[in-house]
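Participant: Here it is, the structure, as structure tokens.
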Amino acid sequence: MQKTSVALGLFDGVHLGHRAVLQEAKKSDFIPVVFTFPAETAVRKNSGGYIYSSHTRNFILNRDFKFQVACMDFEQLRNLSGEAFAEKILCQELHASHVTCGYDFKFGYHASCNIEDLKNFGKKFHFTVKLVNAVKQDKQIISSTEIRKLLLAGEIEKANTFLGMPYFILEKVSHGAQLGRTIHFPTINQVFHENQLVPKFGVYASQTRTPDGKYYHSITNIGIKPTVNYNGLPLAETYIKNFSGDLYDKNLQVRLLKFIRPEMKFDSVQALTRQMQEDLKFCC
């Protein structure tokens with residue numbers, strides 16, 4: 001039975017505060033494991049939505065930190081007491097010898113237990129506990145709540161600083177109406193999930209990673225496309241500069257780097273084409 005070092009949290013943005021928890025968990029000699037919940041069900045709808053889908057979050061945790069991810073439905077645990085969580089999940093299920101969490105971590109029925117409770121349970125069930133203090137930038141605590149505000153305001157550069165990497169969209173390319181091809185600006189469409197936070201509608205300078213691992217300059221428009229029915233869900237529509245190829249049904253990573261302008265309506269195809277040529281100046 002291999003012992004583990006467990007990082008506790010939702011990690012829906014995997015921001016600098018989350019990264020501090022993860023780095024601390026990796027300092028032990030035990031197998032690093034993240035215990036978390038599906039972002040789609042754990043993040044309250046009235047919070048603005050989850051920053052990353054579970055599959056995107058797990059992609060980051062696996063790629064950047066080499067953590068195993070133990071993800072459990074919140075409904076399975078919501079009625080467990082704090083002590084039962086420590087015994088059944090941390091001790092019996094995950095074989096935790098060391099547990100790391102953020103300063104504001106709460107657990108147990110109705111989030112009734114705090115860090116001191118976790119330390120007491122650790123003594124009882126034989127695991128150590130490490131608390132990670134808040135990470136600040138410009139005297140501001142970095143949190144998912146603050147990052148949501150920044151994304152909704154289109155302050156993508158500051159959001160990226162708080163995240164510790166560019167915010168990105170990692171979704172399969174959907175089929176569209178292919179109207180971009182008629183004006184020599186073919187685009188790819190990636191649809192956001194229901195209840196997912198969507199950055200401010202508008203045009204962004206971006207960077208797109210194609211399946212061959214190469215990065216291309218691009219521009220991305222975020223909004224709702226009236227010409228294609230995606231059940232009313234917003235999407236990211238990206239033009240990839242100097243790229244030609246079939247990307248349908250492939251998972252692409254599109255990084256948002258700079259907010260260029262809000263959405264605009266155009267009186268003609270010529271006006272749209274001229275504006276896209278202007279937008280392209282920001283993506284190189």
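Please note that chains go A, B, ... in the order of the structure tokens, that every chain numbers its residues from 1, and that ligands are numbered from 1 in the order shown.
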Would you mind listing what lies within 12 Å of A:Glu278 as a ChimeraX atom specification, with only C-alpha atoms counted and same-chain residues fewer than 3 positions away left out?
Facilitator: /A:203,205,219,260-261,271-275,281-284
Participant: Keeping all heavy atoms for every residue in the selection just given, could you write it to a file as a compact mmCIF listing (two decimals), in the first residue's frame?
Facilitator:
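Okay, this is what ended up in result_16.txt:
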# COMPACT_ATOMS: atom_id res chain seq x y z
N VAL A 203 -13.09 40.63 -29.10
CA VAL A 203 -12.00 40.07 -29.88
C VAL A 203 -10.70 40.13 -29.07
O VAL A 203 -10.39 41.15 -28.44
CB VAL A 203 -11.83 40.84 -31.21
CG1 VAL A 203 -10.63 40.32 -31.99
CG2 VAL A 203 -13.10 40.72 -32.04
N ALA A 205 -6.39 39.05 -29.01
CA ALA A 205 -5.18 38.48 -29.59
C ALA A 205 -4.95 37.16 -28.88
O ALA A 205 -5.09 37.05 -27.66
CB ALA A 205 -4.00 39.41 -29.37
N ILE A 219 -6.34 35.37 -33.83
CA ILE A 219 -7.29 36.28 -33.19
C ILE A 219 -8.55 35.48 -32.89
O ILE A 219 -8.97 34.63 -33.68
CB ILE A 219 -7.61 37.52 -34.04
CG1 ILE A 219 -8.06 37.13 -35.45
CG2 ILE A 219 -6.44 38.47 -34.06
CD1 ILE A 219 -8.54 38.33 -36.26
N ILE A 260 -8.66 43.06 -27.47
CA ILE A 260 -8.47 44.05 -28.53
C ILE A 260 -9.64 45.04 -28.57
O ILE A 260 -9.46 46.25 -28.55
CB ILE A 260 -8.31 43.37 -29.91
CG1 ILE A 260 -7.08 42.46 -29.91
CG2 ILE A 260 -8.22 44.41 -31.01
CD1 ILE A 260 -6.93 41.65 -31.20
N ARG A 261 -10.85 44.50 -28.63
CA ARG A 261 -12.02 45.38 -28.76
C ARG A 261 -13.28 44.61 -28.41
O ARG A 261 -13.31 43.38 -28.46
CB ARG A 261 -12.13 45.93 -30.19
CG ARG A 261 -12.30 44.83 -31.24
CD ARG A 261 -12.59 45.40 -32.61
NE ARG A 261 -12.62 44.37 -33.65
CZ ARG A 261 -13.69 43.61 -33.92
NH1 ARG A 261 -14.81 43.75 -33.22
NH2 ARG A 261 -13.63 42.70 -34.89
N ALA A 271 -16.55 45.96 -44.68
CA ALA A 271 -16.23 46.60 -43.40
C ALA A 271 -15.69 45.56 -42.41
O ALA A 271 -14.75 45.83 -41.66
CB ALA A 271 -17.46 47.29 -42.83
N LEU A 272 -16.30 44.39 -42.40
CA LEU A 272 -15.83 43.31 -41.53
C LEU A 272 -14.41 42.90 -41.90
O LEU A 272 -13.55 42.70 -41.04
CB LEU A 272 -16.78 42.11 -41.63
CG LEU A 272 -16.31 40.80 -40.96
CD1 LEU A 272 -16.09 41.01 -39.47
CD2 LEU A 272 -17.31 39.68 -41.21
N THR A 273 -14.16 42.77 -43.20
CA THR A 273 -12.83 42.36 -43.67
C THR A 273 -11.78 43.39 -43.27
O THR A 273 -10.69 43.02 -42.81
CB THR A 273 -12.84 42.18 -45.20
OG1 THR A 273 -13.83 41.20 -45.56
CG2 THR A 273 -11.48 41.71 -45.69
N ARG A 274 -12.11 44.66 -43.42
CA ARG A 274 -11.16 45.71 -43.05
C ARG A 274 -10.85 45.66 -41.54
O ARG A 274 -9.70 45.81 -41.13
CB ARG A 274 -11.71 47.09 -43.43
CG ARG A 274 -11.65 47.40 -44.91
CD ARG A 274 -11.87 48.88 -45.16
NE ARG A 274 -13.18 49.33 -44.70
CZ ARG A 274 -14.28 49.33 -45.44
NH1 ARG A 274 -14.22 48.92 -46.70
NH2 ARG A 274 -15.42 49.75 -44.96
N GLN A 275 -11.89 45.42 -40.73
CA GLN A 275 -11.68 45.38 -39.29
C GLN A 275 -10.83 44.17 -38.90
O GLN A 275 -9.97 44.26 -38.03
CB GLN A 275 -13.01 45.33 -38.55
CG GLN A 275 -12.89 45.36 -37.04
CD GLN A 275 -12.17 46.59 -36.54
OE1 GLN A 275 -12.60 47.72 -36.80
NE2 GLN A 275 -11.07 46.42 -35.80
N LYS A 281 -3.22 43.00 -36.69
CA LYS A 281 -2.01 43.72 -36.31
C LYS A 281 -1.65 43.49 -34.85
O LYS A 281 -0.49 43.69 -34.45
CB LYS A 281 -2.19 45.22 -36.57
CG LYS A 281 -2.36 45.59 -38.03
CD LYS A 281 -2.62 47.07 -38.22
CE LYS A 281 -2.83 47.43 -39.67
NZ LYS A 281 -3.11 48.88 -39.85
N PHE A 282 -2.65 43.07 -34.05
CA PHE A 282 -2.40 42.84 -32.62
C PHE A 282 -1.90 41.43 -32.32
O PHE A 282 -1.54 41.13 -31.19
CB PHE A 282 -3.69 43.07 -31.83
CG PHE A 282 -4.12 44.51 -31.78
CD1 PHE A 282 -4.97 45.03 -32.74
CD2 PHE A 282 -3.68 45.33 -30.75
CE1 PHE A 282 -5.37 46.34 -32.68
CE2 PHE A 282 -4.08 46.65 -30.68
CZ PHE A 282 -4.93 47.17 -31.67
N CYS A 283 -1.90 40.56 -33.32
CA CYS A 283 -1.64 39.15 -33.02
C CYS A 283 -0.26 38.69 -33.45
O CYS A 283 -0.01 37.50 -33.60
CB CYS A 283 -2.72 38.26 -33.65
SG CYS A 283 -2.53 37.97 -35.41
N CYS A 284 0.68 39.61 -33.64
CA CYS A 284 2.02 39.19 -34.03
C CYS A 284 3.08 39.98 -33.26
O CYS A 284 2.75 40.76 -32.39
CB CYS A 284 2.22 39.35 -35.53
SG CYS A 284 1.70 40.91 -36.21
Participant: Which is closer to A:Leu247 than all the others in A:Lys225, A:His175, A:Lys88, A:Lys265, using only C-alpha atoms?
Facilitator: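 Nearest to A:Leu247: A:His175.
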Participant: Could you work out how far atom CA of A:Pro38 lies from atom CA of A:Gln137, giving the answer in Å with one decimal?
Facilitator: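 Calculated distance between atom CA of A:Gln137 and atom CA of A:Pro38 is 27.8 Å.
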Participant: Neighbouring residues of A:Asp12 were defined as those with any atom within 8 Å, considering only C-alpha atoms; residues of the same chain fewer than 5 positions away were excluded. Please report them as a list in words.
Facilitator: Ala39, Tyr50, Ile51, Tyr52, Ser53, Ser54, Arg57 and Ser144 of chain A
Participant: Put those residues in a file: N, CA and C atoms, as a JSON list (two decimals), in the first residue's frame.
Facilitator:
[["chain", "number", "residue", "atom", "x", "y", "z"],
["A", 39, "ALA", "N", -15.73, 20.37, -11.41],
["A", 39, "ALA", "CA", -16.01, 21.81, -11.39],
["A", 39, "ALA", "C", -17.44, 22.11, -11.85],
["A", 50, "TYR", "N", -17.77, 28.12, -13.57],
["A", 50, "TYR", "CA", -16.44, 27.57, -13.33],
["A", 50, "TYR", "C", -15.47, 28.07, -14.40],
["A", 51, "ILE", "N", -14.22, 28.29, -14.00],
["A", 51, "ILE", "CA", -13.22, 28.85, -14.90],
["A", 51, "ILE", "C", -12.80, 27.83, -15.96],
["A", 52, "TYR", "N", -12.42, 26.66, -15.50],
["A", 52, "TYR", "CA", -12.03, 25.59, -16.42],
["A", 52, "TYR", "C", -12.94, 24.39, -16.20],
["A", 53, "SER", "N", -13.26, 23.69, -17.28],
["A", 53, "SER", "CA", -13.98, 22.43, -17.15],
["A", 53, "SER", "C", -13.08, 21.41, -16.45],
["A", 54, "SER", "N", -13.68, 20.35, -15.96],
["A", 54, "SER", "CA", -12.89, 19.34, -15.24],
["A", 54, "SER", "C", -11.81, 18.74, -16.13],
["A", 57, "ARG", "N", -8.98, 21.30, -16.39],
["A", 57, "ARG", "CA", -8.27, 21.36, -15.11],
["A", 57, "ARG", "C", -7.39, 20.14, -14.92],
["A", 144, "SER", "N", -9.99, 32.44, -7.11],
["A", 144, "SER", "CA", -10.82, 32.18, -8.28],
["A", 144, "SER", "C", -11.87, 33.26, -8.45]]
Participant: Skipping near chain neighbours, those fewer than 2 positions away, what residues fall within 12 Å of A:Gln76 using only C-alpha atoms, listed as a PDB file with N, CA, C and O atoms, in the first residue's frame?
Facilitator:
ATOM      1  N   PHE A  37     -13.319  17.928  -6.777  1.00  0.00           N
ATOM      2  CA  PHE A  37     -14.677  17.640  -7.227  1.00  0.00           C
ATOM      3  C   PHE A  37     -14.836  18.092  -8.669  1.00  0.00           C
ATOM      4  O   PHE A  37     -14.073  18.940  -9.150  1.00  0.00           O
ATOM      5  N   PRO A  38     -15.840  17.572  -9.384  1.00  0.00           N
ATOM      6  CA  PRO A  38     -16.091  18.080 -10.738  1.00  0.00           C
ATOM      7  C   PRO A  38     -16.458  19.561 -10.675  1.00  0.00           C
ATOM      8  O   PRO A  38     -17.371  19.946  -9.943  1.00  0.00           O
ATOM      9  N   THR A  41     -20.194  20.712 -11.209  1.00  0.00           N
ATOM     10  CA  THR A  41     -21.239  20.583 -10.187  1.00  0.00           C
ATOM     11  C   THR A  41     -20.870  21.252  -8.878  1.00  0.00           C
ATOM     12  O   THR A  41     -21.751  21.591  -8.081  1.00  0.00           O
ATOM     13  N   ALA A  42     -19.583  21.472  -8.640  1.00  0.00           N
ATOM     14  CA  ALA A  42     -19.153  22.011  -7.347  1.00  0.00           C
ATOM     15  C   ALA A  42     -19.170  23.535  -7.293  1.00  0.00           C
ATOM     16  O   ALA A  42     -19.338  24.113  -6.217  1.00  0.00           O
ATOM     17  N   CYS A  71     -11.137  12.449  -8.315  1.00  0.00           N
ATOM     18  CA  CYS A  71     -12.279  13.355  -8.437  1.00  0.00           C
ATOM     19  C   CYS A  71     -13.551  12.617  -8.034  1.00  0.00           C
ATOM     20  O   CYS A  71     -13.869  11.564  -8.591  1.00  0.00           O
ATOM     21  N   MET A  72     -14.272  13.149  -7.065  1.00  0.00           N
ATOM     22  CA  MET A  72     -15.461  12.483  -6.553  1.00  0.00           C
ATOM     23  C   MET A  72     -16.651  13.429  -6.615  1.00  0.00           C
ATOM     24  O   MET A  72     -16.528  14.622  -6.339  1.00  0.00           O
ATOM     25  N   ASP A  73     -17.794  12.895  -6.984  1.00  0.00           N
ATOM     26  CA  ASP A  73     -19.018  13.680  -7.056  1.00  0.00           C
ATOM     27  C   ASP A  73     -19.321  14.287  -5.688  1.00  0.00           C
ATOM     28  O   ASP A  73     -19.347  13.590  -4.667  1.00  0.00           O
ATOM     29  N   PHE A  74     -19.569  15.581  -5.668  1.00  0.00           N
ATOM     30  CA  PHE A  74     -19.844  16.283  -4.418  1.00  0.00           C
ATOM     31  C   PHE A  74     -21.032  15.683  -3.672  1.00  0.00           C
ATOM     32  O   PHE A  74     -21.047  15.638  -2.438  1.00  0.00           O
ATOM     33  N   ARG A  78     -21.429  15.138   0.501  1.00  0.00           N
ATOM     34  CA  ARG A  78     -21.983  16.312   1.158  1.00  0.00           C
ATOM     35  C   ARG A  78     -22.537  16.026   2.554  1.00  0.00           C
ATOM     36  O   ARG A  78     -22.581  16.917   3.403  1.00  0.00           O
ATOM     37  N   ASN A  79     -22.934  14.793   2.810  1.00  0.00           N
ATOM     38  CA  ASN A  79     -23.495  14.461   4.115  1.00  0.00           C
ATOM     39  C   ASN A  79     -22.484  13.842   5.081  1.00  0.00           C
ATOM     40  O   ASN A  79     -22.832  13.499   6.209  1.00  0.00           O
ATOM     41  N   LEU A  80     -21.241  13.692   4.626  1.00  0.00           N
ATOM     42  CA  LEU A  80     -20.209  13.142   5.506  1.00  0.00           C
ATOM     43  C   LEU A  80     -19.758  14.181   6.531  1.00  0.00           C
ATOM     44  O   LEU A  80     -19.545  15.344   6.205  1.00  0.00           O
ATOM     45  N   SER A  81     -19.579  13.758   7.752  1.00  0.00           N
ATOM     46  CA  SER A  81     -18.986  14.642   8.747  1.00  0.00           C
ATOM     47  C   SER A  81     -17.512  14.841   8.416  1.00  0.00           C
ATOM     48  O   SER A  81     -16.920  14.082   7.633  1.00  0.00           O
ATOM     49  N   PHE A  85     -14.975  12.137   6.659  1.00  0.00           N
ATOM     50  CA  PHE A  85     -14.199  12.467   5.462  1.00  0.00           C
ATOM     51  C   PHE A  85     -12.721  12.145   5.670  1.00  0.00           C
ATOM     52  O   PHE A  85     -12.073  11.539   4.806  1.00  0.00           O
ATOM     53  N   ILE A  89     -12.186   8.896   3.393  1.00  0.00           N
ATOM     54  CA  ILE A  89     -11.634   9.366   2.118  1.00  0.00           C
ATOM     55  C   ILE A  89     -10.116   9.525   2.195  1.00  0.00           C
ATOM     56  O   ILE A  89      -9.368   8.901   1.441  1.00  0.00           O
ATOM     57  N   GLY A 108     -16.407  18.767   5.384  1.00  0.00           N
ATOM     58  CA  GLY A 108     -17.408  18.181   6.257  1.00  0.00           C
ATOM     59  C   GLY A 108     -18.794  18.730   5.980  1.00  0.00           C
ATOM     60  O   GLY A 108     -18.988  19.643   5.175  1.00  0.00           O
ATOM     61  N   TYR A 109     -19.772  18.163   6.635  1.00  0.00           N
ATOM     62  CA  TYR A 109     -21.185  18.520   6.429  1.00  0.00           C
ATOM     63  C   TYR A 109     -21.387  20.027   6.618  1.00  0.00           C
ATOM     64  O   TYR A 109     -21.009  20.592   7.635  1.00  0.00           O
TER      65      TYR A 109
END
